[in-house]
>>> print(open('my_file04.txt').read())   # compact mmCIF, C-alpha atoms
# COMPACT_ATOMS: atom_id res chain seq x y z
CA MET H 2 131.28 60.37 133.45
CA ARG H 3 130.90 64.08 134.19
CA ALA H 4 131.12 64.90 130.45
CA LYS H 5 128.48 62.31 129.62
CA GLY H 6 126.19 63.65 132.34
CA THR H 7 126.65 67.20 131.08
CA TRP H 8 125.66 66.27 127.53
CA LEU H 9 122.61 64.37 128.79
CA PHE H 10 121.54 67.47 130.71
CA VAL H 11 122.04 69.74 127.66
CA GLY H 12 120.06 67.32 125.50
CA ALA H 13 117.19 67.32 127.97
CA VAL H 14 117.10 71.13 128.07
CA VAL H 15 117.02 71.33 124.26
CA ALA H 16 114.23 68.76 124.07
CA VAL H 17 112.10 70.69 126.55
CA TRP H 18 112.75 73.97 124.72
CA ILE H 19 111.67 72.46 121.38
CA ALA H 20 108.50 71.10 122.97
CA VAL H 21 107.37 74.41 124.45
CA ALA H 22 108.62 76.97 121.91
CA GLY H 23 105.82 76.23 119.50
CA PRO H 24 105.01 79.79 118.32
CA GLY H 25 108.62 80.27 117.27
CA PHE H 26 108.75 77.23 115.02
CA PRO H 27 107.41 76.91 111.46
CA HIS H 28 104.00 75.44 110.69
CA GLY H 29 104.42 73.67 107.38
CA ASP H 30 107.44 73.65 105.15
CA ALA H 31 108.20 77.30 104.47
CA SER H 32 111.32 76.36 102.53
CA ALA H 33 109.55 74.07 100.10
CA GLY H 34 110.26 74.74 96.46
CA PRO H 35 107.86 76.69 94.26
CA LYS H 36 104.67 75.01 93.14
CA PRO H 37 104.17 74.69 89.38
CA GLY H 38 103.13 78.06 87.97
CA ALA H 39 103.84 79.89 91.26
CA THR H 40 106.89 81.87 90.15
CA GLY H 41 106.68 85.42 88.90
CA ARG H 42 103.11 86.22 89.99
CA GLU H 43 102.39 89.93 90.25
CA ALA H 44 100.67 91.59 93.18
CA VAL H 45 97.69 93.82 92.43
CA PRO H 46 99.62 97.09 91.99
CA ASN H 47 97.12 99.47 93.65
CA ARG H 48 95.81 97.20 96.43
CA VAL H 49 96.52 97.77 100.13
CA MET H 50 95.33 95.45 102.87
CA THR H 51 95.23 95.35 106.67
CA TRP H 52 94.91 92.23 108.80
CA ASN H 53 95.23 91.49 112.51
CA LEU H 54 96.62 87.95 112.56
CA CYS H 55 95.33 87.18 116.08
CA ASN H 56 98.00 86.15 118.55
CA PRO H 57 97.90 83.66 120.11
CA CYS H 58 95.52 81.87 117.75
CA LYS H 59 97.99 79.20 116.59
CA SER H 60 96.94 79.42 112.94
CA GLY H 61 99.27 77.69 110.51
CA ASP H 62 101.69 79.90 108.61
CA ALA H 63 100.72 78.22 105.33
CA ASP H 64 97.05 79.07 105.93
CA LEU H 65 97.85 82.70 106.69
CA ALA H 66 100.04 82.98 103.58
CA ALA H 67 97.31 81.47 101.41
CA GLU H 68 94.78 83.99 102.75
CA ILE H 69 97.08 86.90 101.86
CA ALA H 70 97.87 85.41 98.45
CA ALA H 71 94.16 85.14 97.62
CA SER H 72 93.99 88.97 97.54
CA ALA H 73 97.60 89.49 96.39
CA PRO H 74 97.91 93.05 97.75
CA GLN H 75 100.74 95.34 96.76
CA VAL H 76 101.05 96.33 100.42
CA VAL H 77 99.77 94.51 103.49
CA GLY H 78 99.89 95.79 107.07
CA LEU H 79 99.89 93.08 109.73
CA GLN H 80 99.16 93.47 113.43
CA GLU H 81 99.75 91.04 116.31
CA SER H 82 102.55 89.51 114.27
CA CYS H 83 105.81 87.87 115.29
CA THR H 84 108.96 88.58 113.31
CA GLY H 85 109.76 84.90 112.80
CA GLN H 86 106.19 84.16 111.78
CA VAL H 87 106.20 86.98 109.22
CA GLU H 88 109.47 85.72 107.75
CA ARG H 89 107.94 82.26 107.30
CA ILE H 90 104.79 83.72 105.75
CA ARG H 91 106.95 85.81 103.42
CA THR H 92 108.89 82.72 102.34
CA LEU H 93 105.66 80.80 101.73
CA LEU H 94 104.25 83.66 99.68
CA ARG H 95 107.33 83.56 97.49
CA ASN H 96 107.80 79.80 97.20
CA ARG H 97 104.21 78.61 97.06
CA HIS H 98 102.37 81.56 95.59
CA GLY H 99 104.96 83.37 93.46
CA LEU H 100 104.54 86.66 95.37
CA ASP H 101 107.79 88.36 96.40
CA TYR H 102 107.60 90.91 99.20
CA HIS H 103 109.96 93.23 101.03
CA VAL H 104 109.37 93.54 104.78
CA GLU H 105 109.72 96.11 107.56
CA TYR H 106 108.89 95.64 111.24
CA GLY H 107 107.34 97.75 113.97
CA THR H 108 108.32 95.60 116.95
CA VAL H 109 106.99 96.87 120.28
CA LEU H 110 108.05 94.07 122.61
CA HIS H 111 109.97 90.80 122.82
CA ARG H 112 107.98 88.12 124.58
CA TRP H 113 108.67 84.40 124.56
CA GLY H 114 105.07 83.57 125.47
CA ARG H 115 103.86 85.48 122.42
CA CYS H 116 106.40 84.68 119.75
CA GLY H 117 108.48 81.75 120.96
CA GLY H 118 112.15 81.61 120.19
CA ALA H 119 114.78 80.79 122.78
CA PRO H 120 113.86 81.76 126.36
CA TRP H 121 116.92 84.03 126.41
CA LYS H 122 116.11 85.48 122.94
CA PRO H 123 112.35 85.74 122.48
CA GLY H 124 110.80 86.72 119.18
CA GLY H 125 109.70 90.27 118.38
CA TYR H 126 106.00 91.15 118.48
CA GLY H 127 104.10 94.07 116.96
CA GLU H 128 103.36 95.32 113.45
CA ALA H 129 104.84 94.49 110.06
CA ILE H 130 104.45 95.81 106.53
CA LEU H 131 104.96 93.65 103.44
CA SER H 132 105.36 95.49 100.15
CA ALA H 133 105.93 94.18 96.65
CA ALA H 134 107.89 97.37 95.91
CA PRO H 135 110.95 98.47 97.89
CA MET H 136 110.36 100.57 101.01
CA THR H 137 112.30 103.57 102.29
CA ASP H 138 112.28 105.89 105.31
CA ALA H 139 110.92 103.21 107.64
CA VAL H 140 110.12 104.28 111.19
CA ALA H 141 108.74 102.37 114.17
CA VAL H 142 107.37 104.30 117.14
CA GLU H 143 105.97 103.11 120.45
CA TYR H 144 103.15 105.16 121.89
CA PRO H 145 104.05 106.83 125.21
CA ASP H 146 101.19 104.92 126.82
CA GLY H 147 100.33 101.55 125.32
CA GLY H 148 97.61 100.70 127.79
CA SER H 149 97.55 97.12 129.03
CA GLU H 150 100.16 96.10 126.42
CA ASP H 151 102.84 97.98 124.48
CA ARG H 152 101.44 99.41 121.25
CA GLY H 153 102.79 101.60 118.45
CA TYR H 154 102.76 102.58 114.80
CA MET H 155 105.14 102.14 111.91
CA ALA H 156 105.42 103.93 108.58
CA VAL H 157 107.19 103.44 105.27
CA THR H 158 107.34 105.14 101.90
CA THR H 159 106.66 102.84 98.97
CA THR H 160 105.03 102.70 95.54
CA VAL H 161 101.34 101.90 95.21
CA GLY H 162 99.64 102.06 91.83
CA GLY H 163 102.77 103.53 90.30
CA ARG H 164 102.88 106.50 92.71
CA GLU H 165 104.89 107.14 95.85
CA LEU H 166 102.85 106.95 99.03
CA ARG H 167 103.41 107.10 102.79
CA VAL H 168 101.89 104.04 104.47
CA PHE H 169 101.13 103.87 108.19
CA ASN H 170 100.27 100.70 110.11
CA THR H 171 99.09 100.79 113.73
CA HIS H 172 97.50 98.80 116.53
CA LEU H 173 95.80 100.82 119.25
CA ALA H 174 95.13 99.90 122.87
CA GLU H 175 92.68 97.16 123.68
CA ARG H 176 88.95 97.62 124.14
CA ARG H 177 87.62 99.55 127.13
CA GLN H 178 90.74 101.77 127.12
CA GLU H 179 89.19 104.74 125.35
CA SER H 180 91.28 107.46 126.98
CA VAL H 181 94.51 105.66 126.09
CA ARG H 182 93.45 105.24 122.47
CA ALA H 183 92.53 108.92 122.25
CA LYS H 184 96.08 109.89 123.22
CA GLN H 185 97.50 107.39 120.73
CA VAL H 186 95.37 108.79 117.90
CA ASP H 187 96.57 112.29 118.76
CA VAL H 188 100.18 111.13 118.37
CA LEU H 189 99.45 109.39 115.08
CA ALA H 190 97.32 112.18 113.61
CA LYS H 191 100.07 114.77 114.08
CA VAL H 192 102.43 112.67 111.96
CA VAL H 193 99.84 111.80 109.30
CA ALA H 194 99.05 115.49 108.85
CA ARG H 195 102.55 116.07 107.49
CA TYR H 196 101.83 114.11 104.32
CA ASP H 197 99.64 115.07 101.37
CA ARG H 198 99.31 111.45 100.24
CA ALA H 199 99.03 108.71 102.82
CA VAL H 200 97.28 105.48 103.77
CA VAL H 201 96.68 104.84 107.46
CA MET H 202 95.61 101.30 108.24
CA GLY H 203 95.42 98.94 111.15
CA ASP H 204 93.41 97.75 114.12
CA PHE H 205 92.11 100.83 115.94
CA ASN H 206 89.97 98.88 118.45
CA ALA H 207 87.31 101.57 118.08
CA VAL H 208 84.07 101.89 116.12
CA PRO H 209 83.85 104.77 113.60
CA TYR H 210 81.80 107.07 115.84
CA ALA H 211 84.04 106.58 118.90
CA ALA H 212 85.27 109.85 120.39
CA GLU H 213 88.90 108.70 120.32
CA LEU H 214 88.88 108.87 116.50
CA ASP H 215 87.77 112.51 116.43
CA THR H 216 91.23 113.86 115.60
CA MET H 217 91.71 111.37 112.77
CA TRP H 218 88.53 111.91 110.74
CA PRO H 219 89.28 115.54 109.70
CA LEU H 220 92.49 114.29 108.03
CA VAL H 221 91.28 111.17 106.26
CA LYS H 222 88.33 109.37 104.73
CA ASP H 223 87.46 105.70 104.86
CA ALA H 224 88.12 103.52 101.82
CA ASP H 225 84.40 102.71 101.98
CA PRO H 226 82.64 105.97 101.01
CA ARG H 227 79.63 104.94 103.08
CA CYS H 228 81.66 104.61 106.28
CA GLY H 229 82.39 107.55 108.55
CA PRO H 230 81.88 108.90 112.06
CA SER H 231 78.15 109.44 111.45
CA ALA H 232 77.49 106.51 109.11
CA GLY H 233 75.60 104.43 111.66
CA GLY H 234 75.33 100.83 110.49
CA ALA H 235 76.80 101.47 107.02
CA CYS H 236 80.33 100.52 108.10
CA GLU H 237 80.87 96.82 107.42
CA PRO H 238 82.07 94.87 110.50
CA THR H 239 85.64 93.57 110.48
CA THR H 240 85.65 91.33 113.56
CA ASP H 241 84.01 88.12 114.70
CA TRP H 242 82.05 90.15 117.29
CA HIS H 243 80.51 92.25 114.48
CA SER H 244 82.33 95.51 115.20
CA ARG H 245 84.20 97.76 112.80
CA PHE H 246 87.67 98.02 114.36
CA ASP H 247 89.92 97.75 111.28
CA TYR H 248 90.39 100.56 108.77
CA VAL H 249 92.05 101.65 105.56
CA PHE H 250 92.05 105.43 105.93
CA LEU H 251 92.96 107.52 102.87
CA ARG H 252 94.56 110.95 102.63
CA GLY H 253 95.06 112.52 99.20
CA VAL H 254 94.04 109.34 97.38
CA GLY H 255 90.75 107.67 96.50
CA ALA H 256 89.55 104.09 96.29
CA SER H 257 87.91 102.41 93.31
CA GLY H 258 86.77 99.51 95.46
CA HIS H 259 87.13 97.80 98.82
CA ARG H 260 86.32 94.45 100.36
CA VAL H 261 86.06 92.80 103.78
CA ARG H 262 87.03 89.12 103.65
CA ALA H 263 86.25 86.92 106.64
CA SER H 264 88.78 84.28 107.67
CA THR H 265 88.62 81.24 109.91
CA HIS H 266 92.25 81.85 110.85
CA SER H 267 91.78 85.08 112.83
CA ASP H 268 89.14 86.86 114.88
CA HIS H 269 89.65 89.86 112.58
CA HIS H 270 88.66 89.96 108.92
CA MET H 271 90.97 91.05 106.12
CA LEU H 272 90.16 94.49 104.70
CA TYR H 273 91.59 95.74 101.43
CA ALA H 274 91.14 98.73 99.14
CA ASP H 275 92.10 99.38 95.54
CA LEU H 276 93.48 102.91 95.32
CA THR H 277 93.06 105.64 92.71
CA PRO H 278 94.32 109.25 92.56
CA ALA H 279 92.26 111.68 94.62
CA GLY H 280 88.85 112.27 93.11
CA GLY H 281 88.70 108.86 91.39
CA ALA H 282 85.33 107.17 90.98
CA GLN H 283 84.07 105.31 94.02
CA ARG H 284 82.39 101.92 93.82
CA ARG H 285 82.02 98.92 96.09
CA ARG H 286 82.74 95.40 94.98
>>> encode(input="my_file04.txt", output="structure tokens")
Amino acid sequence: MRAKGTWLFVGAVVAVWIAVAGPGFPHGDASAGPKPGATGREAVPNRVMTWNLCNPCKSGDADLAAEIAASAPQVVGLQESCTGQVERIRTLLRNRHGLDYHVEYGTVLHRWGRCGGAPWKPGGYGEAILSAAPMTDAVAVEYPDGGSEDRGYMAVTTTVGGRELRVFNTHLAERRQESVRAKQVDVLAKVVARYDRAVVMGDFNAVPYAAELDTMWPLVKDADPRCGPSAGGACEPTTDWHSRFDYVFLRGVGASGHRVRASTHSDHHMLYADLTPAGGAQRRR
């Protein structure tokens, strides 16, 4: 009788865990076989994209994968992402959309309430980079002061538009934490300055003219040639509250075009840029 009672107790615990660990479980069938015509699709070779997925927003993994596939970037930097979620999105991109990506993570914390998983082994939360080309020299760094939540940056070296490039992806401290963000930008800018060719993207939680971005602007330019620290209203908003918080910053490269794409699946819009060598013609599309 004791053995039977033990198994009943274990079964009850498992049932409760399954019921409450929602964020750690797939939305849709990520392992489904490829759709007709989905195999072998190529990413746009010079396109880089940044997107804050919004966590917890409980958007379906299949919806998020479809949004990324619609732009088919060579490189995409994700913020507020869970490692298990990104793996499912990556599988969906391959099986349903024919886009095959490598992945690196910039995990800053493990929190069951954010990313699900087992209570004793919660999922990782932070940044991620997907790249159609292999990545090398990956680093993940937590800022000394994250503010109200741990924050950091990650970087990889990969190929964009046929040329090697250092790609940074970051998520700065939340709004109304200007002094914390300023210190974070100082940390990031010192590393970016070491590279002649780099893309720095992510959710900076700051408008272009904010003082905390002062140490970044001398090193980079925005993918939108109209957007800068003194551009006023020329910088297109990237959030549901009509603020420009998300950026694709360029160092040693140009952009032939850029686009902000709104999504119903996040409170941040997707922002992508199509890169050219430095000095390439600029146009908006």
>>> atom_distance(input="my_file04.txt", atom1="atom CA of Asp64 of chain H", atom2="atom CA of Trp52 of chain H")
13.6 Å
>>> atom_distance(input="my_file04.txt", atom1="atom CA of Thr240 of chain H", atom2="atom CA of Glu175 of chain H")
13.6 Å
>>> residues_around(input="my_file04.txt", residues="Ser72 of chain H", least_positions_apart="4", cutoff="9 Å", atoms="only C-alpha atoms", output="list in words")
Ala44, Val45, Arg48, Met50, Glu68 and Tyr273 of chain H
>>> atom_distance(input="my_file04.txt", atom1="atom CA of Ala194 of chain H", atom2="atom CA of Asn206 of chain H")
21.2 Å
>>> closest_atom_pairs(input="my_file04.txt", of="segment 180-214 of chain H", to="segment 134-147 of chain H", cutoff="12 Å", atoms="only C-alpha atoms", output="tab-separated table")
residue	atom	partner	partner_atom	distance
H:Ser180	CA	H:Asp146	CA	10.2
H:Val181	CA	H:Asp146	CA	6.8
H:Arg182	CA	H:Gly147	CA	8.3
H:Ala183	CA	H:Asp146	CA	10.6
H:Lys184	CA	H:Asp146	CA	8.0
H:Gln185	CA	H:Tyr144	CA	6.2
H:Val186	CA	H:Tyr144	CA	9.5
H:Asp187	CA	H:Tyr144	CA	10.2
H:Val188	CA	H:Tyr144	CA	7.5
H:Leu189	CA	H:Tyr144	CA	8.8
H:Val192	CA	H:Val142	CA	11.0
>>> closest_residue(input="my_file04.txt", among="H:Pro74, H:Gly127, H:Gly117, H:Pro226", to="Cys55 of chain H", atoms="all atoms listed in the file")
H:Gly127
>>> residues_near_point(input="my_file04.txt", point="(79.7, 96.9, 115.0)", cutoff="10 Å", atoms="only C-alpha atoms", output="PyMOL selection string")
chain H and resi 207-209+233-246
>>> closest_residue(input="my_file04.txt", among="H:Ala73, H:Ala212, H:Ile90, H:Leu251", to="Ser60 of chain H", atoms="only C-alpha atoms")
H:Ile90
>>> closest_residue(input="my_file04.txt", among="H:Met271, H:Leu93, H:Ala70, H:Ile130", to="Arg42 of chain H", atoms="only C-alpha atoms")
H:Ala70
>>> closest_residue(input="my_file04.txt", among="H:Arg95, H:Arg252, H:His111, H:Lys191", to="Leu166 of chain H", atoms="only C-alpha atoms")
H:Arg252
>>> closest_residue(input="my_file04.txt", among="H:Leu220, H:Ala211, H:Leu276, H:Val109", to="Ala232 of chain H", atoms="all atoms listed in the file")
H:Ala211
>>> residues_near_point(input="my_file04.txt", point="(104.3, 102.0, 111.4)", cutoff="9 Å", atoms="only C-alpha atoms", output="JSON, numbers by chain")
{"H": [78, 105, 106, 107, 128, 129, 130, 139, 140, 141, 142, 153, 154, 155, 156, 157, 168, 169, 170, 171]}
>>> build_atoms(input="my_file04.txt", residues="segment 225-261 of chain H", atoms="N, CA and C atoms", output="PDB file, keeping the file's coordinate frame")
ATOM      1  N   ASP H 225      85.815 102.921 102.289  1.00  0.00           N
ATOM      2  CA  ASP H 225      84.400 102.710 101.980  1.00  0.00           C
ATOM      3  C   ASP H 225      83.709 104.066 102.069  1.00  0.00           C
ATOM      4  N   PRO H 226      83.226 104.628 100.968  1.00  0.00           N
ATOM      5  CA  PRO H 226      82.640 105.970 101.010  1.00  0.00           C
ATOM      6  C   PRO H 226      81.408 106.068 101.886  1.00  0.00           C
ATOM      7  N   ARG H 227      80.805 104.926 102.222  1.00  0.00           N
ATOM      8  CA  ARG H 227      79.630 104.940 103.080  1.00  0.00           C
ATOM      9  C   ARG H 227      79.990 104.990 104.564  1.00  0.00           C
ATOM     10  N   CYS H 228      81.248 104.774 104.888  1.00  0.00           N
ATOM     11  CA  CYS H 228      81.660 104.610 106.280  1.00  0.00           C
ATOM     12  C   CYS H 228      82.308 105.891 106.802  1.00  0.00           C
ATOM     13  N   GLY H 229      81.830 106.357 107.941  1.00  0.00           N
ATOM     14  CA  GLY H 229      82.390 107.550 108.550  1.00  0.00           C
ATOM     15  C   GLY H 229      81.892 107.668 109.979  1.00  0.00           C
ATOM     16  N   PRO H 230      82.232 108.767 110.644  1.00  0.00           N
ATOM     17  CA  PRO H 230      81.880 108.900 112.060  1.00  0.00           C
ATOM     18  C   PRO H 230      80.375 108.991 112.305  1.00  0.00           C
ATOM     19  N   SER H 231      79.597 109.339 111.270  1.00  0.00           N
ATOM     20  CA  SER H 231      78.150 109.440 111.450  1.00  0.00           C
ATOM     21  C   SER H 231      77.400 108.485 110.527  1.00  0.00           C
ATOM     22  N   ALA H 232      78.077 107.412 110.102  1.00  0.00           N
ATOM     23  CA  ALA H 232      77.490 106.510 109.110  1.00  0.00           C
ATOM     24  C   ALA H 232      76.579 105.456 109.703  1.00  0.00           C
ATOM     25  N   GLY H 233      76.480 105.411 111.030  1.00  0.00           N
ATOM     26  CA  GLY H 233      75.600 104.430 111.660  1.00  0.00           C
ATOM     27  C   GLY H 233      75.998 103.023 111.319  1.00  0.00           C
ATOM     28  N   GLY H 234      75.067 102.232 110.790  1.00  0.00           N
ATOM     29  CA  GLY H 234      75.330 100.830 110.490  1.00  0.00           C
ATOM     30  C   GLY H 234      75.900 100.584 109.117  1.00  0.00           C
ATOM     31  N   ALA H 235      76.310 101.647 108.389  1.00  0.00           N
ATOM     32  CA  ALA H 235      76.800 101.470 107.020  1.00  0.00           C
ATOM     33  C   ALA H 235      78.222 100.926 106.970  1.00  0.00           C
ATOM     34  N   CYS H 236      78.956 101.002 108.074  1.00  0.00           N
ATOM     35  CA  CYS H 236      80.330 100.520 108.100  1.00  0.00           C
ATOM     36  C   CYS H 236      80.330  99.002 108.306  1.00  0.00           C
ATOM     37  N   GLU H 237      80.886  98.279 107.360  1.00  0.00           N
ATOM     38  CA  GLU H 237      80.870  96.820 107.420  1.00  0.00           C
ATOM     39  C   GLU H 237      81.747  96.323 108.564  1.00  0.00           C
ATOM     40  N   PRO H 238      81.270  95.380 109.387  1.00  0.00           N
ATOM     41  CA  PRO H 238      82.070  94.870 110.500  1.00  0.00           C
ATOM     42  C   PRO H 238      83.340  94.171 110.010  1.00  0.00           C
ATOM     43  N   THR H 239      84.377  94.217 110.847  1.00  0.00           N
ATOM     44  CA  THR H 239      85.640  93.570 110.480  1.00  0.00           C
ATOM     45  C   THR H 239      86.126  92.610 111.563  1.00  0.00           C
ATOM     46  N   THR H 240      85.255  92.253 112.500  1.00  0.00           N
ATOM     47  CA  THR H 240      85.650  91.330 113.560  1.00  0.00           C
ATOM     48  C   THR H 240      84.585  90.262 113.752  1.00  0.00           C
ATOM     49  N   ASP H 241      84.957  89.199 114.426  1.00  0.00           N
ATOM     50  CA  ASP H 241      84.010  88.120 114.700  1.00  0.00           C
ATOM     51  C   ASP H 241      82.894  88.569 115.635  1.00  0.00           C
ATOM     52  N   TRP H 242      83.100  89.656 116.389  1.00  0.00           N
ATOM     53  CA  TRP H 242      82.050  90.150 117.290  1.00  0.00           C
ATOM     54  C   TRP H 242      81.281  91.302 116.634  1.00  0.00           C
ATOM     55  N   HIS H 243      81.367  91.367 115.297  1.00  0.00           N
ATOM     56  CA  HIS H 243      80.510  92.250 114.480  1.00  0.00           C
ATOM     57  C   HIS H 243      80.735  93.727 114.761  1.00  0.00           C
ATOM     58  N   SER H 244      81.972  94.105 115.029  1.00  0.00           N
ATOM     59  CA  SER H 244      82.330  95.510 115.200  1.00  0.00           C
ATOM     60  C   SER H 244      83.289  95.931 114.099  1.00  0.00           C
ATOM     61  N   ARG H 245      83.242  97.195 113.748  1.00  0.00           N
ATOM     62  CA  ARG H 245      84.200  97.760 112.800  1.00  0.00           C
ATOM     63  C   ARG H 245      85.363  98.335 113.592  1.00  0.00           C
ATOM     64  N   PHE H 246      86.465  97.594 113.645  1.00  0.00           N
ATOM     65  CA  PHE H 246      87.670  98.020 114.360  1.00  0.00           C
ATOM     66  C   PHE H 246      88.847  98.265 113.414  1.00  0.00           C
ATOM     67  N   ASP H 247      88.785  97.709 112.214  1.00  0.00           N
ATOM     68  CA  ASP H 247      89.920  97.750 111.280  1.00  0.00           C
ATOM     69  C   ASP H 247      89.604  98.731 110.151  1.00  0.00           C
ATOM     70  N   TYR H 248      90.626  99.483 109.724  1.00  0.00           N
ATOM     71  CA  TYR H 248      90.390 100.560 108.770  1.00  0.00           C
ATOM     72  C   TYR H 248      91.500 100.644 107.729  1.00  0.00           C
ATOM     73  N   VAL H 249      91.115 101.107 106.535  1.00  0.00           N
ATOM     74  CA  VAL H 249      92.050 101.650 105.560  1.00  0.00           C
ATOM     75  C   VAL H 249      91.626 103.093 105.357  1.00  0.00           C
ATOM     76  N   PHE H 250      92.325 104.003 106.028  1.00  0.00           N
ATOM     77  CA  PHE H 250      92.050 105.430 105.930  1.00  0.00           C
ATOM     78  C   PHE H 250      92.890 106.020 104.791  1.00  0.00           C
ATOM     79  N   LEU H 251      92.304 106.943 104.040  1.00  0.00           N
ATOM     80  CA  LEU H 251      92.960 107.520 102.870  1.00  0.00           C
ATOM     81  C   LEU H 251      93.126 109.028 103.024  1.00  0.00           C
ATOM     82  N   ARG H 252      94.285 109.510 102.630  1.00  0.00           N
ATOM     83  CA  ARG H 252      94.560 110.950 102.630  1.00  0.00           C
ATOM     84  C   ARG H 252      95.211 111.317 101.299  1.00  0.00           C
ATOM     85  N   GLY H 253      94.528 112.107 100.490  1.00  0.00           N
ATOM     86  CA  GLY H 253      95.060 112.520  99.200  1.00  0.00           C
ATOM     87  C   GLY H 253      94.963 111.469  98.110  1.00  0.00           C
ATOM     88  N   VAL H 254      94.280 110.384  98.374  1.00  0.00           N
ATOM     89  CA  VAL H 254      94.040 109.340  97.380  1.00  0.00           C
ATOM     90  C   VAL H 254      92.601 108.872  97.519  1.00  0.00           C
ATOM     91  N   GLY H 255      92.098 108.231  96.468  1.00  0.00           N
ATOM     92  CA  GLY H 255      90.750 107.670  96.500  1.00  0.00           C
ATOM     93  C   GLY H 255      90.813 106.160  96.421  1.00  0.00           C
ATOM     94  N   ALA H 256      89.649 105.543  96.415  1.00  0.00           N
ATOM     95  CA  ALA H 256      89.550 104.090  96.290  1.00  0.00           C
ATOM     96  C   ALA H 256      88.498 103.738  95.251  1.00  0.00           C
ATOM     97  N   SER H 257      88.855 102.868  94.325  1.00  0.00           N
ATOM     98  CA  SER H 257      87.910 102.410  93.310  1.00  0.00           C
ATOM     99  C   SER H 257      87.078 101.243  93.813  1.00  0.00           C
ATOM    100  N   GLY H 258      87.506 100.628  94.898  1.00  0.00           N
ATOM    101  CA  GLY H 258      86.770  99.510  95.460  1.00  0.00           C
ATOM    102  C   GLY H 258      87.379  99.091  96.783  1.00  0.00           C
ATOM    103  N   HIS H 259      86.639  98.318  97.541  1.00  0.00           N
ATOM    104  CA  HIS H 259      87.130  97.800  98.820  1.00  0.00           C
ATOM    105  C   HIS H 259      86.413  96.489  99.090  1.00  0.00           C
ATOM    106  N   ARG H 260      86.964  95.704 100.014  1.00  0.00           N
ATOM    107  CA  ARG H 260      86.320  94.450 100.360  1.00  0.00           C
ATOM    108  C   ARG H 260      86.744  94.011 101.762  1.00  0.00           C
ATOM    109  N   VAL H 261      85.799  93.465 102.514  1.00  0.00           N
ATOM    110  CA  VAL H 261      86.060  92.800 103.780  1.00  0.00           C
ATOM    111  C   VAL H 261      85.957  91.302 103.530  1.00  0.00           C
TER     112      VAL H 261
END
